[in-house]
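Trainee: File follows, structure09.txt with compact mmCIF, C-alpha atoms:
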# COMPACT_ATOMS: atom_id res chain seq x y z
CA MET A 1 114.32 92.37 60.86
CA ASN A 2 117.90 93.68 60.83
CA ALA A 3 119.58 95.50 63.71
CA SER A 4 118.97 98.97 62.28
CA GLU A 5 115.23 98.32 61.98
CA LEU A 6 114.86 96.85 65.46
CA PRO A 7 114.31 100.02 67.55
CA SER A 8 111.53 101.35 65.34
CA ARG A 9 109.98 97.89 65.02
CA MET A 10 109.89 97.43 68.80
CA LEU A 11 108.14 100.78 69.16
CA GLN A 12 105.57 99.68 66.58
CA ILE A 13 105.00 96.47 68.53
CA GLY A 14 104.59 98.45 71.75
CA ARG A 15 102.08 100.89 70.24
CA ALA A 16 100.07 98.08 68.67
CA ALA A 17 99.99 96.20 71.97
CA ARG A 18 98.74 99.28 73.81
CA VAL A 19 95.89 99.74 71.32
CA ALA A 20 95.01 96.04 71.40
CA SER A 21 95.07 95.99 75.21
CA ARG A 22 92.16 98.43 75.31
CA VAL A 23 90.10 96.17 73.05
CA VAL A 24 90.83 93.02 75.06
CA ALA A 25 90.21 94.83 78.34
CA LYS A 26 86.57 95.43 77.41
CA ALA A 27 85.96 92.05 75.75
CA ASP A 28 83.39 89.87 77.48
CA THR A 29 84.15 86.46 78.92
CA ARG A 30 82.47 84.56 76.07
CA THR A 31 84.66 86.27 73.47
CA LYS A 32 87.89 85.65 75.36
CA ASN A 33 86.98 82.02 75.96
CA ALA A 34 86.13 81.58 72.28
CA ALA A 35 89.63 82.75 71.38
CA LEU A 36 91.24 80.31 73.81
CA LEU A 37 89.18 77.38 72.55
CA ALA A 38 90.03 78.24 68.95
CA ILE A 39 93.75 78.36 69.81
CA ALA A 40 93.51 75.01 71.62
CA ALA A 41 91.80 73.42 68.61
CA ALA A 42 94.45 74.83 66.26
CA ILE A 43 97.25 73.45 68.43
CA ARG A 44 95.74 69.97 68.38
CA ARG A 45 95.16 70.20 64.63
CA ASP A 46 98.70 71.32 63.87
CA ALA A 47 100.52 69.12 66.40
CA PRO A 48 102.63 67.41 63.68
CA ALA A 49 103.76 70.76 62.28
CA LEU A 50 104.62 71.99 65.78
CA LYS A 51 106.71 68.88 66.43
CA ALA A 52 108.51 69.36 63.12
CA ALA A 53 109.32 72.99 63.95
CA ASN A 54 110.47 71.92 67.41
CA ALA A 55 112.69 69.22 65.91
CA ASP A 56 114.40 71.86 63.77
CA ASP A 57 114.88 74.03 66.87
CA LEU A 58 116.36 71.10 68.80
CA GLU A 59 118.74 70.21 65.99
CA ALA A 60 120.02 73.79 65.80
CA ALA A 61 120.24 74.05 69.60
CA ARG A 62 122.32 70.87 69.90
CA ALA A 63 124.62 72.07 67.15
CA SER A 64 125.14 75.34 69.03
CA GLY A 65 126.04 73.48 72.24
CA LEU A 66 122.94 74.32 74.29
CA ASP A 67 123.18 72.56 77.64
CA GLU A 68 121.02 69.58 78.57
CA VAL A 69 118.80 71.51 81.01
CA LEU A 70 117.69 73.93 78.30
CA LEU A 71 117.37 71.15 75.73
CA ASP A 72 114.99 69.39 78.11
CA ARG A 73 112.92 72.55 78.46
CA LEU A 74 112.91 73.11 74.72
CA ALA A 75 111.70 69.66 73.69
CA LEU A 76 108.03 69.09 72.81
CA SER A 77 106.33 65.70 72.89
CA ASP A 78 102.81 64.62 72.03
CA ALA A 79 102.02 64.85 75.74
CA THR A 80 103.36 68.39 76.15
CA ILE A 81 101.52 69.61 73.06
CA ALA A 82 98.31 68.07 74.39
CA ALA A 83 99.01 69.72 77.75
CA MET A 84 99.24 73.13 76.04
CA ALA A 85 95.73 72.71 74.63
CA GLU A 86 94.43 71.30 77.91
CA GLY A 87 95.91 74.24 79.80
CA LEU A 88 93.98 76.66 77.60
CA GLU A 89 90.77 74.72 78.21
CA GLN A 90 91.40 74.83 81.95
CA ILE A 91 91.77 78.60 81.72
CA VAL A 92 88.42 78.75 79.90
CA ALA A 93 86.82 76.88 82.82
CA LEU A 94 88.16 79.38 85.37
CA PRO A 95 86.05 82.33 86.51
CA ASP A 96 86.84 85.57 84.71
CA PRO A 97 88.22 87.95 87.35
CA ILE A 98 87.84 91.10 85.26
CA GLY A 99 85.11 93.46 86.41
CA GLU A 100 84.55 91.77 89.77
CA ILE A 101 83.64 94.29 92.45
CA GLY A 102 84.31 93.31 96.03
CA GLU A 103 84.64 94.79 99.50
CA LEU A 104 81.66 97.10 98.95
CA ARG A 105 80.93 99.06 102.10
CA HIS A 106 78.67 101.96 102.99
CA ARG A 107 80.27 105.11 104.33
CA PRO A 108 78.62 107.61 106.69
CA SER A 109 78.53 110.11 103.81
CA GLY A 110 76.12 107.84 101.92
CA ILE A 111 78.56 106.65 99.25
CA GLN A 112 79.50 103.01 98.65
CA VAL A 113 83.21 102.21 98.19
CA GLY A 114 84.47 99.02 96.60
CA ARG A 115 87.33 97.62 94.58
CA MET A 116 87.15 96.38 90.98
CA ARG A 117 89.56 93.88 89.44
CA VAL A 118 91.06 95.23 86.20
CA PRO A 119 93.78 94.16 83.71
CA LEU A 120 97.36 95.34 84.10
CA GLY A 121 97.43 96.44 80.43
CA VAL A 122 100.41 95.21 78.40
CA VAL A 123 102.50 92.36 79.80
CA GLY A 124 105.96 91.68 78.40
CA ILE A 125 107.21 88.11 78.84
CA ILE A 126 110.90 87.33 78.28
CA TYR A 127 111.83 83.67 78.44
CA GLU A 128 114.33 81.02 77.36
CA ALA A 129 113.50 77.70 75.66
CA ARG A 130 110.09 76.43 76.87
CA PRO A 131 107.78 76.95 73.87
CA ASN A 132 104.87 75.97 76.15
CA VAL A 133 105.34 79.35 77.85
CA THR A 134 104.19 80.99 74.63
CA VAL A 135 100.81 79.28 74.92
CA ASP A 136 100.48 79.64 78.71
CA ALA A 137 101.28 83.34 78.50
CA ALA A 138 98.88 83.93 75.62
CA GLY A 139 96.05 82.10 77.40
CA LEU A 140 96.47 83.86 80.73
CA THR A 141 96.91 87.33 79.26
CA ILE A 142 93.87 86.99 76.97
CA LYS A 143 91.59 85.68 79.74
CA SER A 144 92.77 88.40 82.14
CA GLY A 145 92.06 91.12 79.57
CA ASN A 146 95.67 92.04 78.85
CA ALA A 147 97.80 92.26 75.73
CA ALA A 148 101.14 90.47 75.60
CA ILE A 149 104.50 90.96 73.94
CA LEU A 150 106.42 87.68 74.00
CA ARG A 151 110.13 87.39 73.44
CA GLY A 152 111.24 83.76 73.56
CA GLY A 153 114.77 82.51 73.26
CA SER A 154 116.49 82.21 69.91
CA GLU A 155 116.66 78.44 70.43
CA ALA A 156 112.82 78.19 70.11
CA ILE A 157 112.27 80.71 67.33
CA ARG A 158 110.79 78.27 64.79
CA CYS A 159 108.33 76.70 67.19
CA ASN A 160 107.35 80.03 68.73
CA THR A 161 106.71 81.49 65.28
CA ALA A 162 104.44 78.56 64.46
CA LEU A 163 102.60 78.96 67.76
CA ALA A 164 102.20 82.69 67.17
CA ALA A 165 100.39 81.99 63.90
CA LEU A 166 97.95 79.67 65.70
CA ILE A 167 97.37 82.22 68.46
CA HIS A 168 96.62 84.92 65.89
CA GLU A 169 94.25 82.56 64.10
CA GLY A 170 92.32 81.99 67.34
CA LEU A 171 92.18 85.68 68.22
CA ARG A 172 90.84 86.62 64.80
CA ALA A 173 88.26 83.83 64.92
CA ALA A 174 86.88 85.36 68.13
CA GLY A 175 86.89 88.90 66.73
CA LEU A 176 89.85 90.08 68.80
CA PRO A 177 92.92 91.87 67.40
CA ALA A 178 95.88 89.66 66.52
CA ASP A 179 98.13 92.32 68.09
CA ALA A 180 96.78 91.29 71.49
CA VAL A 181 99.55 88.67 71.50
CA GLN A 182 102.73 89.49 69.59
CA VAL A 183 105.77 87.24 69.41
CA VAL A 184 108.95 89.20 68.71
CA ALA A 185 110.43 87.65 65.59
CA SER A 186 113.97 88.92 66.18
CA THR A 187 116.56 86.81 68.00
CA ASP A 188 118.65 89.94 68.61
CA ARG A 189 119.19 90.48 72.34
CA ALA A 190 118.62 94.19 71.74
CA ALA A 191 114.90 93.35 71.57
CA VAL A 192 115.04 92.51 75.27
CA GLY A 193 116.76 95.81 75.99
CA ALA A 194 114.00 97.63 74.12
CA MET A 195 111.20 95.85 76.00
CA ILE A 196 112.57 96.63 79.45
CA THR A 197 112.95 100.33 78.63
CA MET A 198 109.45 100.93 77.20
CA PRO A 199 107.35 101.84 80.27
CA GLU A 200 105.07 103.92 78.08
CA TYR A 201 103.94 100.76 76.28
CA ILE A 202 104.66 97.86 78.66
CA ASP A 203 103.16 97.85 82.16
CA VAL A 204 104.96 94.84 83.63
CA ILE A 205 107.74 92.46 82.61
CA VAL A 206 107.65 88.76 83.51
CA PRO A 207 111.07 87.14 82.98
CA ARG A 208 111.37 83.35 82.85
CA GLY A 209 114.86 82.07 82.38
CA GLY A 210 118.27 81.58 83.88
CA LYS A 211 119.83 83.58 86.66
CA GLY A 212 121.95 85.59 84.23
CA LEU A 213 118.88 86.82 82.38
CA ILE A 214 117.05 87.80 85.58
CA GLU A 215 120.10 89.58 86.99
CA ARG A 216 120.46 91.58 83.78
CA LEU A 217 116.83 92.63 83.84
CA MET A 218 117.01 93.59 87.52
CA ARG A 219 119.90 95.91 86.69
CA GLU A 220 118.51 97.46 83.52
CA SER A 221 114.72 97.35 83.54
CA ARG A 222 112.67 100.54 83.77
CA VAL A 223 109.48 98.48 83.80
CA PRO A 224 108.21 96.77 87.00
CA MET A 225 108.78 93.02 87.09
CA ILE A 226 107.09 89.89 88.42
CA LYS A 227 110.02 87.52 88.94
CA HIS A 228 112.05 85.09 90.95
CA LEU A 229 115.84 84.92 90.81
CA ASP A 230 116.56 81.48 92.28
CA GLY A 231 114.63 78.31 93.00
CA LEU A 232 116.62 77.07 95.98
CA CYS A 233 113.99 74.71 97.42
CA HIS A 234 114.20 72.57 100.56
CA VAL A 235 112.64 69.41 101.93
CA TYR A 236 112.89 68.99 105.71
CA VAL A 237 112.36 65.48 107.11
CA ASP A 238 111.15 65.95 110.67
CA GLU A 239 111.73 63.56 113.57
CA ALA A 240 107.99 62.75 113.38
CA ALA A 241 108.03 61.97 109.65
CA ASP A 242 106.67 58.77 108.17
CA VAL A 243 109.81 57.30 106.61
CA GLU A 244 108.04 55.76 103.62
CA GLN A 245 106.36 59.07 102.87
CA ALA A 246 109.59 61.00 103.35
CA VAL A 247 111.47 58.74 100.92
CA ARG A 248 108.80 59.16 98.22
CA ILE A 249 108.71 62.93 98.62
CA ALA A 250 112.50 63.44 98.75
CA ASP A 251 112.92 61.20 95.69
CA ASN A 252 110.24 62.97 93.65
CA ALA A 253 111.24 66.47 94.71
CA LYS A 254 114.79 65.88 93.47
CA THR A 255 114.59 63.40 90.60
CA GLN A 256 111.24 63.88 88.85
CA ARG A 257 112.93 66.69 86.88
CA TYR A 258 116.32 68.21 87.56
CA GLY A 259 116.16 71.49 85.67
CA THR A 260 113.08 73.20 87.13
CA CYS A 261 112.85 75.99 89.67
CA ASN A 262 110.67 73.90 92.02
CA THR A 263 113.14 71.00 92.20
CA MET A 264 114.55 70.37 95.68
CA GLU A 265 118.20 71.33 96.00
CA VAL A 266 118.75 70.93 99.77
CA LEU A 267 117.52 68.02 101.90
CA LEU A 268 117.47 68.65 105.66
CA VAL A 269 117.03 65.69 108.01
CA HIS A 270 116.36 65.69 111.75
CA ARG A 271 119.10 63.73 113.49
CA ALA A 272 116.52 61.49 115.17
CA ALA A 273 115.14 60.45 111.76
CA ALA A 274 118.48 60.14 109.99
CA ALA A 275 119.40 56.50 110.71
CA ALA A 276 116.12 55.18 109.29
CA PHE A 277 115.86 57.64 106.41
CA VAL A 278 119.29 58.61 105.04
CA PRO A 279 120.49 55.15 103.82
CA ARG A 280 117.17 54.53 102.06
CA ILE A 281 117.07 57.83 100.17
CA GLY A 282 120.81 57.55 99.58
CA ARG A 283 120.40 54.21 97.82
CA ILE A 284 117.72 55.70 95.55
CA TYR A 285 119.88 58.71 94.70
CA ALA A 286 122.90 56.49 94.05
CA ASP A 287 120.88 54.26 91.73
CA LYS A 288 119.79 57.37 89.81
CA ALA A 289 123.35 58.77 89.66
CA VAL A 290 122.55 61.75 91.87
CA GLU A 291 125.69 63.18 93.46
CA MET A 292 125.20 63.73 97.20
CA ARG A 293 127.05 66.66 98.78
CA ALA A 294 126.74 65.68 102.44
CA CYS A 295 127.58 66.88 105.92
CA PRO A 296 129.86 64.64 108.05
CA GLY A 297 126.96 62.97 109.87
CA THR A 298 125.15 62.18 106.64
CA ARG A 299 128.36 60.89 105.02
CA ALA A 300 128.93 58.51 107.92
CA LEU A 301 125.41 57.06 107.59
CA LEU A 302 125.79 56.69 103.84
CA ALA A 303 129.23 55.09 104.15
CA SER A 304 127.92 52.55 106.68
CA ALA A 305 125.42 51.48 104.00
CA GLY A 306 128.13 51.32 101.32
CA ILE A 307 126.90 54.45 99.53
CA ALA A 308 129.39 56.99 98.18
CA SER A 309 129.01 60.71 98.78
CA VAL A 310 131.03 63.90 98.44
CA ALA A 311 132.04 66.15 101.32
CA MET A 312 129.97 69.31 101.47
CA ARG A 313 131.78 72.45 100.30
CA ASP A 314 131.42 76.12 101.10
CA GLY A 315 128.53 77.54 99.13
CA ASP A 316 126.67 74.26 98.63
CA PHE A 317 123.80 75.43 100.83
CA ASP A 318 123.38 78.44 98.54
CA THR A 319 123.62 76.66 95.16
CA GLU A 320 120.70 75.99 92.85
CA TRP A 321 122.09 72.89 91.15
CA LEU A 322 119.53 72.38 88.35
CA ALA A 323 121.30 69.06 87.93
CA PRO A 324 121.48 65.57 89.51
CA ILE A 325 123.22 66.94 92.60
CA VAL A 326 121.69 67.34 96.05
CA THR A 327 122.96 68.86 99.28
CA ILE A 328 122.07 66.82 102.39
CA ALA A 329 122.56 67.95 105.99
CA LEU A 330 121.42 66.90 109.45
CA VAL A 331 119.77 69.42 111.77
CA ASP A 332 119.12 69.24 115.52
CA ASP A 333 115.48 70.29 115.58
CA LEU A 334 112.61 72.13 113.89
CA ASP A 335 113.97 75.54 114.95
CA ALA A 336 117.26 74.81 113.20
CA ALA A 337 115.46 73.66 110.05
CA ILE A 338 113.30 76.79 109.86
CA ASP A 339 116.30 79.03 110.51
CA HIS A 340 118.29 77.24 107.80
CA VAL A 341 115.51 77.60 105.21
CA ASN A 342 114.99 81.28 105.98
CA THR A 343 118.75 81.94 105.91
CA HIS A 344 119.77 79.99 102.80
CA GLY A 345 116.56 79.59 100.81
CA SER A 346 115.33 81.76 97.95
CA ARG A 347 111.75 82.12 99.28
CA HIS A 348 110.45 79.94 96.48
CA THR A 349 109.12 76.57 97.74
CA ASP A 350 109.88 74.56 100.86
CA THR A 351 108.35 71.39 102.34
CA ILE A 352 108.18 69.73 105.74
CA VAL A 353 107.53 66.00 106.05
CA THR A 354 106.03 65.34 109.47
CA GLY A 355 103.26 63.53 111.28
CA ARG A 356 103.06 66.17 113.98
CA TYR A 357 100.41 68.85 113.40
CA GLU A 358 102.05 71.48 115.59
CA HIS A 359 105.34 71.12 113.68
CA ALA A 360 103.56 71.42 110.35
CA LEU A 361 101.74 74.54 111.54
CA ARG A 362 104.93 76.18 112.76
CA PHE A 363 106.72 75.43 109.50
CA VAL A 364 103.86 76.88 107.43
CA ARG A 365 103.69 80.00 109.59
CA GLU A 366 107.39 80.68 110.05
CA VAL A 367 109.01 79.74 106.74
CA ASP A 368 109.09 82.91 104.63
CA SER A 369 108.53 81.44 101.16
CA ALA A 370 106.03 81.93 98.37
CA SER A 371 104.88 78.29 98.61
CA VAL A 372 105.17 76.30 101.85
CA MET A 373 104.07 72.67 101.84
CA VAL A 374 103.33 69.86 104.28
CA ASN A 375 103.90 66.24 103.26
CA ALA A 376 104.05 66.99 99.53
CA SER A 377 106.75 67.30 96.89
CA THR A 378 108.08 70.75 96.01
CA ARG A 379 107.37 69.84 92.38
CA PHE A 380 103.71 70.74 92.99
CA ALA A 381 104.62 74.46 93.06
CA ASP A 382 103.18 75.05 89.64
CA GLY A 383 100.21 76.98 88.28
CA PHE A 384 98.73 73.92 86.57
CA GLU A 385 98.99 71.82 89.75
CA PHE A 386 97.60 74.67 91.89
CA GLY A 387 94.50 74.83 89.70
CA LEU A 388 95.37 78.11 88.00
CA GLY A 389 95.04 76.51 84.56
CA ALA A 390 98.59 77.59 83.76
CA GLU A 391 101.11 80.04 85.08
CA ILE A 392 102.90 82.96 83.57
CA GLY A 393 105.74 82.60 86.04
CA ILE A 394 106.54 82.26 89.72
CA SER A 395 107.24 85.21 91.95
CA ASN A 396 109.12 85.12 95.23
CA ASP A 397 108.71 88.87 95.69
CA LYS A 398 106.31 90.13 98.34
CA LEU A 399 104.44 92.83 96.45
CA HIS A 400 101.44 92.23 94.18
CA ALA A 401 101.78 88.59 93.07
CA ARG A 402 103.54 85.84 95.04
CA GLY A 403 104.00 82.18 94.14
CA PRO A 404 102.68 80.79 90.84
CA VAL A 405 101.17 83.70 88.91
CA GLY A 406 97.85 82.95 87.24
CA LEU A 407 94.88 85.08 86.25
CA GLU A 408 94.62 87.19 89.40
CA GLY A 409 98.35 87.87 89.35
CA LEU A 410 97.85 89.58 85.97
CA THR A 411 95.24 91.96 87.35
CA SER A 412 95.16 94.95 89.62
CA LEU A 413 92.48 96.59 91.73
CA LYS A 414 91.01 100.05 91.42
CA TYR A 415 88.62 101.77 93.78
CA VAL A 416 85.08 102.39 92.57
CA VAL A 417 82.59 104.66 94.31
CA PHE A 418 78.77 104.63 93.92
CA GLY A 419 76.82 107.64 95.08
CA HIS A 420 73.41 109.23 94.96
CA GLY A 421 74.41 112.84 94.49
CA GLU A 422 76.46 113.08 97.69
CA VAL A 423 78.95 115.95 98.02
CA ARG A 424 81.69 116.31 100.59
CA GLU A 425 80.94 118.77 103.36
Using structure tokens, write down the structure from this file.
Mentor:
Amino acid sequence: MNASELPSRMLQIGRAARVASRVVAKADTRTKNAALLAIAAAIRRDAPALKAANADDLEAARASGLDEVLLDRLALSDATIAAMAEGLEQIVALPDPIGEIGELRHRPSGIQVGRMRVPLGVVGIIYEARPNVTVDAAGLTIKSGNAAILRGGSEAIRCNTALAALIHEGLRAAGLPADAVQVVASTDRAAVGAMITMPEYIDVIVPRGGKGLIERLMRESRVPMIKHLDGLCHVYVDEAADVEQAVRIADNAKTQRYGTCNTMEVLLVHRAAAAAFVPRIGRIYADKAVEMRACPGTRALLASAGIASVAMRDGDFDTEWLAPIVTIALVDDLDAAIDHVNTHGSRHTDTIVTGRYEHALRFVREVDSASVMVNASTRFADGFEFGLGAEIGISNDKLHARGPVGLEGLTSLKYVVFGHGEVRE
């Protein structure tokens, strides 16, 4: 579509999504699951075509100078395509939350009051690269009884278009409207502007992308959002940590993938644990070409082991690197670690490595983040790993959904009342 057609086309997409949302909202679990299984089968069947479309996207993205982090997110392999289908099948296996009535209680008047879980309506997802988001978003919105409008990045347009055709095929096979999941075909950024100013058709926006995108949407959106701005995650190695365990966790949290929002960016180490731990993790980081931005105490320990580091600079504690760079600092005690995380973190995901139960409990209680972990890598902060089947995003806000957002995060609650002819006196 050309620029002049875009405003009217976006309104058509919004109206169609609103109509489709009412159909999906009343669909039974068997029908929704049938659609997801049909989409999963189509993805497996057309895996070679998806890889070919993705290869074309990657070639164009490299030619345009897309950075390595986004290229990594854009790339599809046999394993990631299989994971898309598996994610849909995991969603099928999850209980359907829609229509559940809980908290029923009798009131003195004779009525019963409860709360029913219901869809949000139309969910708009705006994202960069990551064609797997197209499938995750479709699966979660269908199972939760919502319609979706998906606007992926221009760098993934060929692959997303191919996935959209498979999603529509699965919806039709189950007797659901294809408009229940619409992928915006335009790469014009004005499509994003239209989506975030259509509260009459879109009930919530879920942005997944870089900080610039999120900041823009926070400024301009008239539609509520489920979002996180930064993924500034910490690992704290306590004085009571098992050193072997701490090394494995700090290595995985930083180096398993560099460009994700649940990658560790700041490593805090209790001074009492530093001599045994810092040279070992430093050697691993050096071997993997990870630049270490270190405090003076950490630099001295690294230098004594013949490991190079860079002096910490102002702002390093507040930087989400999304790259092979890590900030390392020594802290005096658990209180200092908790204070540091709550001061400099982004309320995303933070981990303590400790063998002391009372320290673990304090960290879990006092760190104000969406996911707080004990003796585990921050990389587990993910809907798939949390057993949600997939995730539509991660929220570090405090209202509605927090942490990885799965099925329940795409629902709301309404009050329902059952009576026997009671009237209010």
Trainee: Which residue gives the smallest distance to Val423 in chain A among A:Leu94, A:Ile111, A:Ala173, A:Leu70, with all atoms listed in the file counted?
Mentor: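 Closest residue, counting all atoms listed in the file: A:Ile111.
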Trainee: So how far away is CA of Ala138 in chain A from CA of Val192 in chain A, in Å?
Mentor: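 Between CA of Val192 in chain A and CA of Ala138 in chain A the gap is 18.3 Å.
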Trainee: Using all atoms listed in the file, which protein or nucleic acid residues come within 10 Å of range 347-358 of chain A? Drop anything in the same chain fewer than 5 positions from it, and give the result as a ChimeraX atom specification.
Mentor: /A:228-243,245-247,249-250,253,261-264,266-269,334,337-338,341-342,363-364,367-381,394-398,402-404
Trainee: Take CA of Val310 in chain A and CA of Arg271 in chain A and report the distance between them in Å, one decimal.
Mentor: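 Interatomic distance here is 19.2 Å.
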Trainee: Taking all atoms of range 186-198 of chain A that the file lists and extending 5 Å past them on each side, where is the centre of the axis-aligned box and how long are its edges? Answer in Å to one decimal, as JSON.
Mentor:
{"center_x": 114.3, "center_y": 93.9, "center_z": 72.8, "size_x": 19.7, "size_y": 24.1, "size_z": 23.3}
Trainee: Using only C-alpha atoms, which residues sit within 10 Å of Ala294 in chain A once same-chain residues fewer than 6 positions away are excluded, as a PyMOL selection string?
Mentor: chain A and resi 266-267+300+302+309-313+316+326-330
Trainee: Would you list the residues near (126.3, 62.1, 89.0), meaning any protein, DNA or RNA residue with an atom at most 7 Å from that point in file coordinates, counting all atoms listed in the file, as a PyMOL selection string?
Mentor: chain A and resi 289-291+324-325
Trainee: Take the residues from that selection and write them out as a compact mmCIF listing (two decimals), in the coordinates of the input, keeping C-alpha atoms.
Mentor:
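selection21.txt written:
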# COMPACT_ATOMS: atom_id res chain seq x y z
CA ALA A 289 123.35 58.77 89.66
CA VAL A 290 122.55 61.75 91.87
CA GLU A 291 125.69 63.18 93.46
CA PRO A 324 121.48 65.57 89.51
CA ILE A 325 123.22 66.94 92.60
Trainee: Neighbours of range 49-62 of chain A within 8 Å (only C-alpha atoms; same-chain residues fewer than 3 positions away dropped), as number ranges by chain?
Mentor: A: 43, 46, 65-67, 71, 74-77, 155-159, 162-163
Trainee: Could you state the separation of CA of Glu220 in chain A and CA of Gly406 in chain A in Å, given to one decimal place?
Mentor: 25.5 Å
Trainee: Go through A:Ser221, A:Thr298, A:Asn33, A:Thr260 one by one, measure the shortest atom-to-atom distance of each to Gly193 in chain A using all atoms listed in the file, and give the residue with the smallest value.
Mentor: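 Smallest separation from Gly193 in chain A among the options: A:Ser221.
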Trainee: Which residues are close to Gly121 in chain A, i.e. within 9 Å by only C-alpha atoms, leaving aside same-chain residues fewer than 5 positions away? Reply as a ChimeraX atom specification.
Mentor: /A:17-18,21-22,25,145-148,201-204,410-411
Trainee: Pick from A:Val416, A:Ile307, A:Ala35, A:Gly124: nearest to Leu166 in chain A, with only C-alpha atoms counted?
Mentor: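 Closest to Leu166 in chain A of all the choices is A:Ala35.
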